[in-house]
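Written out below as structure tokens is the structure these notes cover.
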Amino acid sequence: MLEKCSNPDCDLPFDYREGRLIRFSPTDTKSPGQSRYLAHFWLCGKCSERYVLAYERGAGMKIRLRPGAVLQKIQQNTTNLKEIRF
């Protein structure tokens, strides 16, 4: 059972009414006879706006910034900079 957001930096408890629920079945099983399984991941609403979950072979599910979120974060950081005069 999911208890909290899959973002390790977020402790928001699971709420099926918001966010993004991901059901994943890995395809890289070690042998043809090995049974597949389903894994479930959940990102809360705030985290799902900034992050996506991506599967990396051999490493499992990893959290990554959304492509547009990287640009948005850069723009926010430059907007927050104060003008420095010499």
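We label chains A, B, ... in the order they appear in the structure tokens, count residues from 1 in each chain, and number ligands from 1 in the order shown.
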
ask   = Asp11 of chain A: which residues within 12 Å, counting only C-alpha atoms, same-chain residues fewer than 6 positions away excluded, as a ChimeraX atom specification?
value = /A:2-5,42-44,46-47

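Using only C-alpha atoms for every distance, the candidate list A:Ser6, A:Leu65, A:Glu18, A:Ala54 yields A:Ser6 as the residue closest to Phe41 of chain A.
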